[in-house]
>>> print(open('work00.pdb').read())   # PDB, C-alpha atoms and all ligand atoms
ATOM      1  CA  MET A   4     -15.126  42.798 -30.850
ATOM      2  CA  VAL A   5     -12.266  40.258 -30.764
ATOM      3  CA  ARG A   6     -11.911  38.514 -34.117
ATOM      4  CA  ASP A   7     -10.806  34.987 -34.929
ATOM      5  CA  HIS A   8      -7.219  34.133 -35.856
ATOM      6  CA  LEU A   9      -6.001  35.228 -39.293
ATOM      7  CA  THR A  10      -4.752  31.795 -40.294
ATOM      8  CA  LYS A  11      -4.445  28.263 -38.989
ATOM      9  CA  ASP A  12      -1.936  27.273 -41.700
ATOM     10  CA  LEU A  13       1.115  28.916 -40.113
ATOM     11  CA  TYR A  14       1.906  30.078 -36.580
ATOM     12  CA  ILE A  15       2.352  33.850 -36.774
ATOM     13  CA  ALA A  16       3.132  36.167 -33.849
ATOM     14  CA  ASP A  17       4.297  39.702 -32.966
ATOM     15  CA  PRO A  18       2.139  41.289 -35.697
ATOM     16  CA  ALA A  19       3.326  44.686 -36.977
ATOM     17  CA  VAL A  20       0.589  46.069 -39.210
ATOM     18  CA  HIS A  21       0.645  48.969 -41.680
ATOM     19  CA  VAL A  22      -1.609  50.274 -44.406
ATOM     20  CA  PHE A  23       0.227  50.238 -47.733
ATOM     21  CA  ASN A  24      -1.525  50.819 -51.081
ATOM     22  CA  GLY A  25      -4.937  50.798 -49.384
ATOM     23  CA  LYS A  26      -4.485  47.319 -47.852
ATOM     24  CA  LEU A  27      -3.466  45.996 -44.450
ATOM     25  CA  TYR A  28       0.002  44.450 -44.519
ATOM     26  CA  ILE A  29       0.938  42.206 -41.602
ATOM     27  CA  TYR A  30       4.599  41.606 -40.718
ATOM     28  CA  PRO A  31       4.598  38.790 -38.148
ATOM     29  CA  SER A  32       7.220  36.499 -36.668
ATOM     30  CA  HIS A  33       6.914  32.975 -38.087
ATOM     31  CA  ASP A  34       6.812  30.516 -35.187
ATOM     32  CA  TYR A  35       7.555  26.859 -35.810
ATOM     33  CA  GLU A  36       8.495  23.763 -33.809
ATOM     34  CA  ALA A  37      12.283  23.961 -33.672
ATOM     35  CA  GLY A  38      12.546  21.413 -30.860
ATOM     36  CA  VAL A  39      14.558  23.814 -28.672
ATOM     37  CA  PRO A  40      13.817  23.431 -24.927
ATOM     38  CA  GLU A  41      12.031  26.362 -23.261
ATOM     39  CA  ASP A  42      14.073  28.720 -21.055
ATOM     40  CA  ASP A  43      13.879  32.269 -19.624
ATOM     41  CA  LEU A  44      15.968  33.606 -22.524
ATOM     42  CA  GLY A  45      13.353  32.556 -25.082
ATOM     43  CA  SER A  46      15.638  30.032 -26.818
ATOM     44  CA  HIS A  47      12.497  28.137 -27.878
ATOM     45  CA  PHE A  48      11.629  31.093 -30.150
ATOM     46  CA  ALA A  49      14.073  29.859 -32.804
ATOM     47  CA  MET A  50      12.430  31.373 -35.866
ATOM     48  CA  LYS A  51      14.272  31.313 -39.191
ATOM     49  CA  ASP A  52      12.188  33.198 -41.736
ATOM     50  CA  TYR A  53       9.410  35.739 -42.256
ATOM     51  CA  HIS A  54       6.191  35.565 -44.264
ATOM     52  CA  VAL A  55       4.223  38.743 -45.040
ATOM     53  CA  PHE A  56       0.404  38.680 -45.103
ATOM     54  CA  SER A  57      -2.096  41.168 -46.521
ATOM     55  CA  MET A  58      -5.825  41.794 -46.114
ATOM     56  CA  ASP A  59      -7.983  43.831 -48.488
ATOM     57  CA  ASP A  60     -10.377  44.564 -45.654
ATOM     58  CA  VAL A  61     -10.921  43.612 -42.022
ATOM     59  CA  ASP A  62     -13.421  40.945 -43.072
ATOM     60  CA  SER A  63     -11.249  39.565 -45.898
ATOM     61  CA  LYS A  64      -9.103  36.459 -45.796
ATOM     62  CA  ALA A  65      -5.462  37.062 -44.880
ATOM     63  CA  VAL A  66      -3.290  36.243 -47.900
ATOM     64  CA  ASP A  67       0.103  34.646 -47.222
ATOM     65  CA  HIS A  68       2.588  36.078 -49.740
ATOM     66  CA  GLY A  69       5.159  33.396 -48.962
ATOM     67  CA  LYS A  70       8.682  33.720 -47.656
ATOM     68  CA  ALA A  71       9.867  37.347 -47.568
ATOM     69  CA  LEU A  72      13.278  36.799 -45.928
ATOM     70  CA  ASP A  73      15.226  33.727 -44.800
ATOM     71  CA  VAL A  74      17.940  33.625 -42.150
ATOM     72  CA  ASP A  75      20.182  31.777 -44.647
ATOM     73  CA  ASP A  76      20.237  34.929 -46.810
ATOM     74  CA  ILE A  77      21.654  37.097 -43.998
ATOM     75  CA  ASN A  78      25.431  36.794 -43.974
ATOM     76  CA  TRP A  79      25.915  38.004 -40.365
ATOM     77  CA  ALA A  80      23.247  35.649 -39.011
ATOM     78  CA  GLY A  81      23.514  33.554 -35.908
ATOM     79  CA  ARG A  82      20.007  32.557 -34.815
ATOM     80  CA  GLN A  83      16.483  33.699 -33.889
ATOM     81  CA  LEU A  84      14.595  36.062 -36.193
ATOM     82  CA  TRP A  85      12.286  37.775 -33.704
ATOM     83  CA  ASP A  86       9.697  40.542 -34.041
ATOM     84  CA  SER A  87      10.111  42.652 -37.208
ATOM     85  CA  ASP A  88       8.542  45.822 -38.577
ATOM     86  CA  ALA A  89       8.329  47.501 -41.973
ATOM     87  CA  ALA A  90       8.367  51.045 -43.316
ATOM     88  CA  TYR A  91       7.915  52.709 -46.702
ATOM     89  CA  LYS A  92       9.831  55.629 -48.107
ATOM     90  CA  ASP A  93      10.356  56.958 -51.640
ATOM     91  CA  GLY A  94       9.260  53.839 -53.522
ATOM     92  CA  GLN A  95      11.104  51.345 -51.305
ATOM     93  CA  TYR A  96       9.958  49.118 -48.446
ATOM     94  CA  TYR A  97      12.272  48.433 -45.520
ATOM     95  CA  LEU A  98      11.998  45.402 -43.249
ATOM     96  CA  TYR A  99      13.697  45.799 -39.857
ATOM     97  CA  PHE A 100      14.501  42.630 -37.926
ATOM     98  CA  PRO A 101      16.290  41.587 -34.731
ATOM     99  CA  LEU A 102      18.629  38.631 -35.049
ATOM    100  CA  LYS A 103      21.459  37.210 -32.952
ATOM    101  CA  ASP A 104      24.792  37.575 -34.709
ATOM    102  CA  LYS A 105      27.437  34.860 -34.790
ATOM    103  CA  THR A 106      28.491  35.779 -31.224
ATOM    104  CA  ASP A 107      24.886  35.362 -29.956
ATOM    105  CA  ILE A 108      24.323  39.106 -29.516
ATOM    106  CA  PHE A 109      21.044  40.564 -30.790
ATOM    107  CA  ARG A 110      21.483  43.258 -33.445
ATOM    108  CA  ILE A 111      18.928  44.913 -35.719
ATOM    109  CA  GLY A 112      19.187  44.456 -39.463
ATOM    110  CA  VAL A 113      17.378  45.977 -42.416
ATOM    111  CA  ALA A 114      16.338  44.468 -45.739
ATOM    112  CA  ILE A 115      14.926  46.241 -48.807
ATOM    113  CA  SER A 116      12.258  45.501 -51.396
ATOM    114  CA  ASP A 117      10.277  47.415 -53.986
ATOM    115  CA  ARG A 118       7.097  45.584 -52.899
ATOM    116  CA  PRO A 119       5.490  45.497 -49.441
ATOM    117  CA  GLU A 120       5.313  41.705 -49.461
ATOM    118  CA  GLY A 121       8.951  41.291 -50.503
ATOM    119  CA  PRO A 122      11.100  39.347 -51.128
ATOM    120  CA  TYR A 123      13.492  41.501 -49.097
ATOM    121  CA  LYS A 124      17.241  41.738 -49.688
ATOM    122  CA  PRO A 125      19.214  42.201 -46.470
ATOM    123  CA  GLN A 126      21.997  44.739 -46.069
ATOM    124  CA  PRO A 127      25.401  43.099 -45.506
ATOM    125  CA  PHE A 128      25.747  44.352 -41.910
ATOM    126  CA  PRO A 129      23.406  45.100 -39.010
ATOM    127  CA  ILE A 130      22.563  48.756 -38.312
ATOM    128  CA  ASP A 131      25.590  50.391 -36.714
ATOM    129  CA  GLY A 132      25.024  50.926 -32.981
ATOM    130  CA  SER A 133      21.937  48.690 -32.871
ATOM    131  CA  TYR A 134      21.290  46.181 -30.106
ATOM    132  CA  SER A 135      18.474  44.257 -28.400
ATOM    133  CA  ILE A 136      15.152  43.400 -30.091
ATOM    134  CA  ASP A 137      11.666  44.357 -31.281
ATOM    135  CA  PRO A 138      12.157  47.281 -33.699
ATOM    136  CA  CYS A 139       9.063  49.386 -34.382
ATOM    137  CA  LEU A 140       9.122  52.088 -37.083
ATOM    138  CA  PHE A 141       6.967  55.188 -36.692
ATOM    139  CA  LYS A 142       6.524  57.787 -39.443
ATOM    140  CA  GLU A 143       6.028  61.319 -38.162
ATOM    141  CA  ASP A 144       3.772  63.681 -40.158
ATOM    142  CA  ASP A 145       6.843  65.454 -41.605
ATOM    143  CA  GLY A 146       8.081  62.137 -43.065
ATOM    144  CA  THR A 147      10.814  61.537 -40.450
ATOM    145  CA  HIS A 148      11.006  57.935 -39.271
ATOM    146  CA  TYR A 149      11.811  56.927 -35.704
ATOM    147  CA  MET A 150      12.720  53.470 -34.480
ATOM    148  CA  TYR A 151      11.637  52.227 -31.053
ATOM    149  CA  PHE A 152      13.307  49.075 -29.775
ATOM    150  CA  GLY A 153      14.425  47.004 -26.809
ATOM    151  CA  GLY A 154      13.468  44.049 -24.669
ATOM    152  CA  ILE A 155      14.752  42.690 -21.357
ATOM    153  CA  TRP A 156      15.685  39.109 -20.310
ATOM    154  CA  GLY A 157      16.247  37.197 -23.608
ATOM    155  CA  GLY A 158      16.108  40.503 -25.496
ATOM    156  CA  GLN A 159      19.419  41.496 -23.811
ATOM    157  CA  LEU A 160      18.534  45.151 -23.035
ATOM    158  CA  GLN A 161      19.844  44.725 -19.464
ATOM    159  CA  ARG A 162      23.328  44.256 -20.915
ATOM    160  CA  TYR A 163      23.474  47.944 -21.933
ATOM    161  CA  ARG A 164      23.612  51.353 -20.282
ATOM    162  CA  ASN A 165      23.912  54.566 -22.354
ATOM    163  CA  ASN A 166      24.083  52.399 -25.515
ATOM    164  CA  LYS A 167      27.254  50.641 -24.283
ATOM    165  CA  ALA A 168      27.548  46.984 -23.305
ATOM    166  CA  ILE A 169      28.283  46.668 -19.576
ATOM    167  CA  GLU A 170      30.031  43.969 -17.611
ATOM    168  CA  CYS A 171      27.314  42.926 -15.170
ATOM    169  CA  GLY A 172      24.362  42.870 -17.553
ATOM    170  CA  ALA A 173      21.937  42.930 -14.637
ATOM    171  CA  LEU A 174      18.576  44.643 -14.224
ATOM    172  CA  PRO A 175      18.435  47.670 -11.887
ATOM    173  CA  ALA A 176      17.353  47.120  -8.274
ATOM    174  CA  ASP A 177      13.590  47.113  -7.715
ATOM    175  CA  ASN A 178      13.647  50.627  -6.194
ATOM    176  CA  GLU A 179      15.620  52.084  -9.125
ATOM    177  CA  PRO A 180      14.114  53.394 -12.391
ATOM    178  CA  ALA A 181      13.205  50.614 -14.809
ATOM    179  CA  LEU A 182      15.179  50.110 -17.994
ATOM    180  CA  CYS A 183      13.692  52.117 -20.843
ATOM    181  CA  ALA A 184      12.777  51.266 -24.401
ATOM    182  CA  LYS A 185      14.939  53.218 -26.871
ATOM    183  CA  VAL A 186      13.938  55.756 -29.495
ATOM    184  CA  VAL A 187      16.150  56.874 -32.348
ATOM    185  CA  LYS A 188      15.660  58.996 -35.468
ATOM    186  CA  MET A 189      16.449  57.138 -38.696
ATOM    187  CA  ARG A 190      18.802  58.571 -41.295
ATOM    188  CA  ASP A 191      17.151  59.835 -44.498
ATOM    189  CA  ASP A 192      18.207  56.686 -46.391
ATOM    190  CA  MET A 193      16.472  54.528 -43.701
ATOM    191  CA  LEU A 194      19.533  52.276 -43.420
ATOM    192  CA  GLU A 195      21.256  53.685 -40.324
ATOM    193  CA  PHE A 196      20.518  55.614 -37.124
ATOM    194  CA  ASP A 197      20.811  59.403 -37.429
ATOM    195  CA  GLU A 198      21.745  59.871 -33.760
ATOM    196  CA  ALA A 199      22.482  57.883 -30.620
ATOM    197  CA  PRO A 200      19.397  56.067 -29.272
ATOM    198  CA  LYS A 201      17.710  57.831 -26.336
ATOM    199  CA  ASP A 202      15.760  56.493 -23.363
ATOM    200  CA  LEU A 203      11.997  56.530 -23.748
ATOM    201  CA  VAL A 204      11.001  57.408 -20.195
ATOM    202  CA  ILE A 205       7.599  56.353 -18.818
ATOM    203  CA  LEU A 206       6.437  58.414 -15.838
ATOM    204  CA  ASP A 207       3.853  57.496 -13.236
ATOM    205  CA  GLU A 208       0.910  59.691 -12.194
ATOM    206  CA  ASN A 209       3.290  61.726  -9.962
ATOM    207  CA  GLY A 210       5.755  62.452 -12.743
ATOM    208  CA  GLN A 211       8.308  59.907 -11.471
ATOM    209  CA  PRO A 212       9.917  57.279 -13.746
ATOM    210  CA  LEU A 213       8.371  53.811 -13.344
ATOM    211  CA  LEU A 214      10.541  51.631 -11.121
ATOM    212  CA  ASN A 215      12.127  48.321 -12.021
ATOM    213  CA  GLY A 216      10.058  46.583  -9.336
ATOM    214  CA  ASP A 217       6.803  47.870 -10.831
ATOM    215  CA  ASN A 218       6.334  44.722 -12.941
ATOM    216  CA  ASN A 219       2.682  45.476 -13.647
ATOM    217  CA  ARG A 220       3.527  48.726 -15.450
ATOM    218  CA  ARG A 221       7.203  48.900 -16.428
ATOM    219  CA  PHE A 222       8.492  48.273 -19.970
ATOM    220  CA  PHE A 223       9.606  44.739 -20.864
ATOM    221  CA  GLU A 224       9.461  44.451 -24.706
ATOM    222  CA  ALA A 225       7.200  44.879 -27.779
ATOM    223  CA  SER A 226       7.381  48.650 -28.463
ATOM    224  CA  TRP A 227       4.727  50.234 -30.648
ATOM    225  CA  MET A 228       4.138  53.925 -31.388
ATOM    226  CA  HIS A 229       1.063  55.513 -32.917
ATOM    227  CA  LYS A 230      -0.465  58.959 -33.041
ATOM    228  CA  HIS A 231      -4.119  59.815 -32.447
ATOM    229  CA  GLN A 232      -5.587  63.323 -32.454
ATOM    230  CA  GLY A 233      -2.182  64.960 -31.984
ATOM    231  CA  LYS A 234      -1.123  62.753 -29.046
ATOM    232  CA  TYR A 235       1.634  60.123 -29.157
ATOM    233  CA  TYR A 236       0.871  56.689 -27.724
ATOM    234  CA  PHE A 237       3.698  54.352 -26.730
ATOM    235  CA  SER A 238       2.452  50.829 -26.077
ATOM    236  CA  TYR A 239       4.431  47.809 -24.889
ATOM    237  CA  SER A 240       4.381  44.481 -23.099
ATOM    238  CA  THR A 241       5.052  44.087 -19.379
ATOM    239  CA  GLY A 242       6.531  40.623 -20.070
ATOM    240  CA  ASP A 243       6.390  38.582 -16.883
ATOM    241  CA  THR A 244       3.036  40.145 -15.890
ATOM    242  CA  HIS A 245       1.708  39.509 -19.420
ATOM    243  CA  LYS A 246      -0.067  42.813 -20.072
ATOM    244  CA  LEU A 247      -0.080  45.224 -22.970
ATOM    245  CA  CYS A 248       0.037  48.744 -21.516
ATOM    246  CA  TYR A 249       0.256  52.230 -22.950
ATOM    247  CA  ALA A 250       1.550  55.673 -22.068
ATOM    248  CA  MET A 251       0.788  59.044 -23.672
ATOM    249  CA  GLY A 252       3.104  61.905 -24.644
ATOM    250  CA  ASP A 253       3.379  65.078 -26.687
ATOM    251  CA  ASN A 254       6.217  64.201 -29.062
ATOM    252  CA  PRO A 255       7.987  61.085 -30.431
ATOM    253  CA  TYR A 256      10.730  61.178 -27.766
ATOM    254  CA  GLY A 257       8.522  61.636 -24.717
ATOM    255  CA  PRO A 258       8.495  61.626 -21.779
ATOM    256  CA  PHE A 259       5.350  59.529 -21.702
ATOM    257  CA  THR A 260       2.894  59.153 -18.854
ATOM    258  CA  TYR A 261       1.522  55.719 -18.000
ATOM    259  CA  LYS A 262      -2.210  55.511 -18.752
ATOM    260  CA  GLY A 263      -3.336  51.908 -18.406
ATOM    261  CA  VAL A 264      -3.813  48.405 -19.771
ATOM    262  CA  LEU A 265      -4.634  47.939 -23.453
ATOM    263  CA  LEU A 266      -5.012  44.177 -23.404
ATOM    264  CA  ASN A 267      -5.422  41.926 -20.395
ATOM    265  CA  PRO A 268      -3.272  38.771 -20.386
ATOM    266  CA  VAL A 269      -4.022  36.383 -23.235
ATOM    267  CA  LEU A 270      -3.323  32.649 -23.426
ATOM    268  CA  GLY A 271       0.455  32.197 -23.641
ATOM    269  CA  TRP A 272       3.488  33.748 -21.937
ATOM    270  CA  THR A 273       4.259  36.499 -24.452
ATOM    271  CA  THR A 274       1.971  39.295 -25.503
ATOM    272  CA  HIS A 275       2.822  41.546 -28.448
ATOM    273  CA  HIS A 276       0.837  43.782 -30.715
ATOM    274  CA  SER A 277       0.429  46.705 -33.096
ATOM    275  CA  ILE A 278      -2.186  49.431 -33.439
ATOM    276  CA  VAL A 279      -3.380  50.607 -36.841
ATOM    277  CA  GLU A 280      -6.021  52.918 -38.262
ATOM    278  CA  PHE A 281      -7.777  51.496 -41.319
ATOM    279  CA  LYS A 282     -10.709  53.091 -43.128
ATOM    280  CA  GLY A 283     -11.424  55.389 -40.176
ATOM    281  CA  LYS A 284     -11.413  52.689 -37.462
ATOM    282  CA  TRP A 285      -8.697  51.604 -35.063
ATOM    283  CA  TYR A 286      -7.574  48.023 -34.465
ATOM    284  CA  LEU A 287      -5.290  46.176 -32.058
ATOM    285  CA  PHE A 288      -3.487  43.221 -33.638
ATOM    286  CA  PHE A 289      -1.983  40.710 -31.190
ATOM    287  CA  HIS A 290      -1.212  37.029 -30.733
ATOM    288  CA  ASP A 291      -2.179  34.250 -28.350
ATOM    289  CA  VAL A 292      -1.761  30.473 -28.162
ATOM    290  CA  GLU A 293      -5.411  29.467 -28.192
ATOM    291  CA  ILE A 294      -4.849  27.246 -31.245
ATOM    292  CA  SER A 295      -1.639  25.438 -30.243
ATOM    293  CA  GLY A 296      -1.695  25.599 -26.446
ATOM    294  CA  GLN A 297       2.103  25.974 -26.622
ATOM    295  CA  THR A 298       3.918  29.150 -25.662
ATOM    296  CA  HIS A 299       6.221  29.235 -28.719
ATOM    297  CA  LEU A 300       3.522  28.477 -31.314
ATOM    298  CA  ARG A 301       1.440  31.625 -31.464
ATOM    299  CA  SER A 302      -1.387  32.823 -33.723
ATOM    300  CA  THR A 303      -2.386  36.355 -34.665
ATOM    301  CA  ARG A 304      -5.842  37.917 -34.337
ATOM    302  CA  PHE A 305      -7.223  41.414 -33.847
ATOM    303  CA  ALA A 306      -9.833  43.449 -32.010
ATOM    304  CA  ASP A 307     -11.526  46.823 -32.359
ATOM    305  CA  LEU A 308      -9.756  49.529 -30.346
ATOM    306  CA  ASN A 309     -11.935  52.198 -28.740
ATOM    307  CA  TYR A 310     -10.860  55.612 -27.449
ATOM    308  CA  ARG A 311     -12.695  57.441 -24.716
ATOM    309  CA  ALA A 312     -13.481  61.154 -25.133
ATOM    310  CA  ASP A 313     -10.347  62.088 -23.137
ATOM    311  CA  GLY A 314      -8.103  60.103 -25.506
ATOM    312  CA  THR A 315      -7.531  57.162 -23.166
ATOM    313  CA  ILE A 316      -8.164  53.676 -24.503
ATOM    314  CA  GLU A 317     -10.654  51.046 -23.331
ATOM    315  CA  THR A 318      -9.053  47.816 -22.075
ATOM    316  CA  ILE A 319      -9.646  44.746 -24.243
ATOM    317  CA  THR A 320     -10.180  41.298 -22.713
ATOM    318  CA  VAL A 321     -10.342  38.105 -24.739
ATOM    319  CA  ASP A 322     -13.165  35.863 -23.582
ATOM    320  CA  TYR A 323     -11.791  32.306 -23.934
ATOM    321  CA  LYS A 324     -14.993  30.541 -22.823
TER
HETATM  322  O1  LIG B 401       8.826  36.417 -30.943
HETATM  323  C1  LIG B 401       9.948  36.427 -30.102
HETATM  324  C2  LIG B 401       9.777  37.423 -29.010
HETATM  325  O2  LIG B 401       8.649  37.082 -28.217
HETATM  326  C3  LIG B 401       9.490  38.833 -29.455
HETATM  327  O3  LIG B 401      10.581  39.487 -30.014
HETATM  328  C4  LIG B 401       8.996  39.366 -28.167
HETATM  329  O4  LIG B 401       8.407  40.623 -28.240
HETATM  330  C5  LIG B 401       8.041  38.270 -27.739
HETATM  331  O5  LIG B 401       6.791  38.401 -28.353
END
>>> encode(input="work00.pdb", output="structure tokens", more="lines below")
Ligand code: FUB
Amino acid sequence: MVRDHLTKDLYIADPAVHVFNGKLYIYPSHDYEAGVPEDDLGSHFAMKDYHVFSMDDVDSKAVDHGKALDVDDINWAGRQLWDSDAAYKDGQYYLYFPLKDKTDIFRIGVAISDRPEGPYKPQPFPIDGSYSIDPCLFKEDDGTHYMYFGGIWGGQLQRYRNNKAIECGALPADNEPALCAKVVKMRDDMLEFDEAPKDLVILDENGQPLLNGDNNRRFFEASWMHKHQGKYYFSYSTGDTHKLCYAMGDNPYGPFTYKGVLLNPVLGWTTHHSIVEFKGKWYLFFHDVEISGQTHLRSTRFADLNYRADGTIETITVDYK
């Protein structure tokens, strides 16, 4: 079942959802009309703050807890607060956010609060060695946290190889392996990486890495990791083909094998999501532009997520009739 949008009061997108203190906490991007012309780099996504929402239950109203972080409070800020995620460890909540610095390069920052809804206080510098966009935090059963990140085109991932900025900044050729999302273990204090980020490789049915020209399956942006019955599921957006897809693996680093489409294209250019288990059921949170009709003014909703007996996931389609 696809549910209605959480709120019509604010445009909220890129929902990262976690269960904290027995409630659903939603960490979305806060879209607004910035008046910036649309381009392929996503300049029209000119967001400048975050609001955190919570829901007591899937049928409850989503409560807006107000502003959790403002770009004006981040001293290294340039522009564009894109998709964030949150994590909890040892009595503290951590909000991870991508933001262009003063030289227009995306970096990933972290802000801290003692409450899930914030307000969050940003660290004075971005995470050392961070780049690109769309951080997702995954907690392994032993308490270790991993960050998944990256996004091509406006997300700038094509400017890097082996974690180093490169001159050309171009995508690989269509017959070469696609650029990968990155995975990195977080340091115990949650404030820095504990290692150099690694490629998260997605293989096809023949065990070969997906190719850059495979636009219907290759990674574009919007990483999410979850675990179900001992298997690891990496899900992501294919960007210019507007799908949410997923791949399965046996550990947080992969490799992962492509399995299929989670969500068929929704209204709007971007598609971005999270997957959460709540009270024994699984849900896919995502956004579309059914309310606004404009690509940069998105609204969040969710749907039931169903696994087949073999662990694969049924594709969800929104019926816009
Ligand atoms: O919200 C801005 C960007 O749009 C996100 O970072 C991408 O994943 C896409 O949803």
>>> closest_atom_pairs(input="work00.pdb", of="region 138-247 of chain A", to="region 256-263 of chain A", cutoff="7 Å", atoms="only C-alpha atoms", output="Markdown table")
| residue | atom | partner | partner_atom | distance |
| --- | --- | --- | --- | --- |
| A:Val186 | CA | A:Tyr256 | CA | 6.5 |
| A:Leu203 | CA | A:Gly257 | CA | 6.3 |
| A:Val204 | CA | A:Pro258 | CA | 5.2 |
| A:Ile205 | CA | A:Phe259 | CA | 4.8 |
| A:Leu206 | CA | A:Thr260 | CA | 4.7 |
| A:Asp207 | CA | A:Tyr261 | CA | 5.6 |
| A:Glu208 | CA | A:Thr260 | CA | 7.0 |
>>> residues_around(input="work00.pdb", residues="region 281-284 of chain A", least_positions_apart="2", cutoff="8 Å", atoms="all atoms listed in the file", output="PyMOL selection string")
chain A and resi 22+27+279+286+307-308
>>> residues_near_ligand(input="work00.pdb", ligand="ligand LIG 401 (chain B)", cutoff="10 Å", atoms="only C-alpha atoms and all ligand atoms", output="short mmCIF file (atom, residue, chain, number, x, y, z; two decimals) with C-alpha atoms, in the coordinates of the input")
data_model
loop_
_atom_site.label_atom_id
_atom_site.label_comp_id
_atom_site.auth_asym_id
_atom_site.auth_seq_id
_atom_site.Cartn_x
_atom_site.Cartn_y
_atom_site.Cartn_z
CA ILE A 15 2.35 33.85 -36.77
CA ALA A 16 3.13 36.17 -33.85
CA ASP A 17 4.30 39.70 -32.97
CA PRO A 18 2.14 41.29 -35.70
CA PRO A 31 4.60 38.79 -38.15
CA SER A 32 7.22 36.50 -36.67
CA HIS A 33 6.91 32.98 -38.09
CA ASP A 34 6.81 30.52 -35.19
CA LEU A 44 15.97 33.61 -22.52
CA GLY A 45 13.35 32.56 -25.08
CA SER A 46 15.64 30.03 -26.82
CA HIS A 47 12.50 28.14 -27.88
CA PHE A 48 11.63 31.09 -30.15
CA ALA A 49 14.07 29.86 -32.80
CA MET A 50 12.43 31.37 -35.87
CA GLN A 83 16.48 33.70 -33.89
CA LEU A 84 14.60 36.06 -36.19
CA TRP A 85 12.29 37.78 -33.70
CA ASP A 86 9.70 40.54 -34.04
CA SER A 87 10.11 42.65 -37.21
CA PHE A 100 14.50 42.63 -37.93
CA PRO A 101 16.29 41.59 -34.73
CA LEU A 102 18.63 38.63 -35.05
CA SER A 135 18.47 44.26 -28.40
CA ILE A 136 15.15 43.40 -30.09
CA ASP A 137 11.67 44.36 -31.28
CA PRO A 138 12.16 47.28 -33.70
CA PHE A 152 13.31 49.08 -29.78
CA GLY A 153 14.42 47.00 -26.81
CA GLY A 154 13.47 44.05 -24.67
CA ILE A 155 14.75 42.69 -21.36
CA GLY A 157 16.25 37.20 -23.61
CA GLY A 158 16.11 40.50 -25.50
CA PHE A 223 9.61 44.74 -20.86
CA GLU A 224 9.46 44.45 -24.71
CA ALA A 225 7.20 44.88 -27.78
CA SER A 226 7.38 48.65 -28.46
CA TYR A 239 4.43 47.81 -24.89
CA SER A 240 4.38 44.48 -23.10
CA GLY A 242 6.53 40.62 -20.07
CA TRP A 272 3.49 33.75 -21.94
CA THR A 273 4.26 36.50 -24.45
CA THR A 274 1.97 39.30 -25.50
CA HIS A 275 2.82 41.55 -28.45
CA HIS A 276 0.84 43.78 -30.72
CA PHE A 289 -1.98 40.71 -31.19
CA HIS A 290 -1.21 37.03 -30.73
CA ASP A 291 -2.18 34.25 -28.35
CA THR A 298 3.92 29.15 -25.66
CA HIS A 299 6.22 29.24 -28.72
CA LEU A 300 3.52 28.48 -31.31
CA ARG A 301 1.44 31.62 -31.46
#
>>> atom_distance(input="work00.pdb", atom1="CA of Arg162 (chain A)", atom2="CA of Leu174 (chain A)")
8.2 Å
>>> resolve_selection(input="work00.pdb", expression="the PyMOL selection byres (((chain A and resi 321) around 8) and not hetatm)", output="PyMOL selection string")
chain A and resi 5+267+269+319-320+322-323
>>> closest_residue(input="work00.pdb", among="A:Arg82, A:Tyr28, A:Val39, A:Ala71", to="Lys51 (chain A)", atoms="all atoms listed in the file")
A:Arg82
>>> residues_around(input="work00.pdb", residues="Glu120 (chain A)", least_positions_apart="4", cutoff="12 Å", atoms="all atoms listed in the file", output="PyMOL selection string")
chain A and resi 21+23-24+26-31+53-58+66-72+89-91+95-98+114-116+124
>>> resolve_selection(input="work00.pdb", expression="the PyMOL selection byres (((chain A and resi 142) around 10) and not hetatm)", output="VMD selection string")
chain A and resid 90 to 92 140 to 141 143 to 150 189 228 to 230 255
>>> atom_distance(input="work00.pdb", atom1="CA of Val292 (chain A)", atom2="CA of Lys185 (chain A)")
28.2 Å
>>> residues_near_point(input="work00.pdb", point="(-7.9, 50.3, -21.5)", cutoff="9 Å", atoms="only C-alpha atoms", output="JSON list (two decimals) with C-alpha atoms, in the coordinates of the input")
[["chain", "number", "residue", "atom", "x", "y", "z"],
["A", 248, "CYS", "CA", 0.04, 48.74, -21.52],
["A", 249, "TYR", "CA", 0.26, 52.23, -22.95],
["A", 262, "LYS", "CA", -2.21, 55.51, -18.75],
["A", 263, "GLY", "CA", -3.34, 51.91, -18.41],
["A", 264, "VAL", "CA", -3.81, 48.40, -19.77],
["A", 265, "LEU", "CA", -4.63, 47.94, -23.45],
["A", 266, "LEU", "CA", -5.01, 44.18, -23.40],
["A", 267, "ASN", "CA", -5.42, 41.93, -20.40],
["A", 309, "ASN", "CA", -11.94, 52.20, -28.74],
["A", 310, "TYR", "CA", -10.86, 55.61, -27.45],
["A", 315, "THR", "CA", -7.53, 57.16, -23.17],
["A", 316, "ILE", "CA", -8.16, 53.68, -24.50],
["A", 317, "GLU", "CA", -10.65, 51.05, -23.33],
["A", 318, "THR", "CA", -9.05, 47.82, -22.08],
["A", 319, "ILE", "CA", -9.65, 44.75, -24.24]]
